[in-house]
Amino acid sequence: MKKTIFALFGLGLLFALTGCSRSLSGTPTPLPTLIIIPSPTTLLATPTTAAPTPTVPTPTVPTPTMSLPTVTPGAPTPTTGSAPTPTTGGILPGVPSGPYGVILVAPGDVLNVRTGPGAGYAISGSFNATETNVMRTGPSSTADGDLWVQVQNPGGGSGWVNAKHLTEYVAPATFCADSGVNTLLTNFGNSLKTSNGETLASLVSPAHGMTVYLWRYGIAHTFKQNDARWVFDSTYEHNWGAAPASGLDTIGAFHVKVLPWLQEVFNASYSLTCNSLGTATQYGFNPWPVEYTNVNYYTVYKPGTPGVDLDFRYWLVGVEFAQGQPYVFAVIHFAWEP
């Protein structure tokens with residue numbers, strides 16, 4: 001009986017162990033599921049998304065093209081800086097013009113002629129301070145902010161001079177007979193009476209502006225055409241130099257210190273004398289500056305009041321021609337000095 005019981009117990013134990021081994025061996029069954037190879041498949045997709053990368057540089061191709069406009073605007077710079085400008089003052093390149101007179105050169109000094117447009121070029125000749133027969137050959141160029149023009153070199157060939165030292169030469173007799181100058185003076189007076197800046201600007205020399213001396217030996221100030229538009233309104237104070245009587249500096253705006261003296265003369269019954277003081281009293285050795293020798297002028301004279309006499313005053317008005325048209329170049333005031 002006991003053997004039978006032990007046999008049955010052994011058989012049951014064997015069955016239990018067999019069942020366990022089957023359940024344990026069943027756990028690997030999911031392994032094929034875990035070893036599904038989607039991960040290699042997704043890894044392979046990664047290079048696929050990166051594949052377009054080589055095409056990315058394509059947008060960078062226009063970059064060199066975009067830089068081309070930068071080069072193009074800059075390209076003319078060396079040309080304009082080194083080559084003569086096509087025209088100056090309406091004078092065609094290569095077409096001789098003149099004569100021109102030398103101005104703004106101190107007595108005893110000379111106007112240098114150089115081998116190229118600019119003070120850095122070698123000197124190849126010169127004109128005296130009052131030369132009246134300077135001939136342009138046509139070309140011009142800008143150097144260091146100044147206009148330079150090519151001229152016939154008195155020593156032969158051609159050379160370059162600074163244009164600020166040249167003015168269109170008009171013989172005194174021709175100037176004094178020009179009715180256009182009288183019209184200019186009338187218009188100039190009207191612009192002063194009405195304080196019309198636009199009119200004044202149209203009368204000021206486009207080449208050198210209008211230089212104003214409140215006192216002959218004071219401090220001069222030059223007004224270009226654009227400046228002339230605001231002189232009647234501006235409150236900017238200039239130092240006009242020492243007044244002849246007091247010796248004190250006269251400081252103030254143009255319309256405060258200068259305009260009243262101008263209006264007093266042009267509102268009066270004045271007389272005109274060409275290239276001469278006429279009956280006006282002379283002060284100093286050179287009422288008209290030697291540097292202006294080749295610029296003609298008129299004396300606009302208001303005589304003194306009878307019985308007072310010493311309240312006379314006058315203005316010298318220099319007239320420069322630009323392309324054959326007269327313009328106001330300079331004005332110099334004179335009044336009685338004790």
# chains A, B, ... in the order shown; residues from 1 in each chain; ligands from 1
$ select_by_dssp --residues "stretch 179-306 of chain A" --states "alpha helix (DSSP H)" --output "PyMOL selection string"
chain A and resi 179-194+197-203+225-228+259-266
$ residues_around --residues "A:Leu192" --least-positions-apart "4" --cutoff "7 Å" --atoms "only C-alpha atoms" --output "ChimeraX atom specification"
/A:188,196,263
$ write_last_selection --atoms "C-alpha atoms" --output "PDB file, in the first residue's frame"
ATOM      1  CA  PHE A 188      19.943 143.881 -56.370  1.00  0.00           C
ATOM      2  CA  ASN A 196      13.633 138.866 -50.837  1.00  0.00           C
ATOM      3  CA  GLN A 263      18.901 149.883 -47.638  1.00  0.00           C
TER       4      GLN A 263
END
$ atom_distance --atom1 "atom CA of A:Leu277" --atom2 "atom CA of A:Pro306"
20.1 Å
$ atom_distance --atom1 "atom CA of A:Asn133" --atom2 "atom CA of A:Gly101"
6.3 Å
$ closest_residue --among "A:Ala245, A:Val265, A:Val105, A:Val328" --to "A:Ala201" --atoms "only C-alpha atoms"
A:Val328
$ closest_residue --among "A:Gly108, A:Gly241, A:Pro154, A:Gly318" --to "A:His221" --atoms "only C-alpha atoms"
A:Gly241
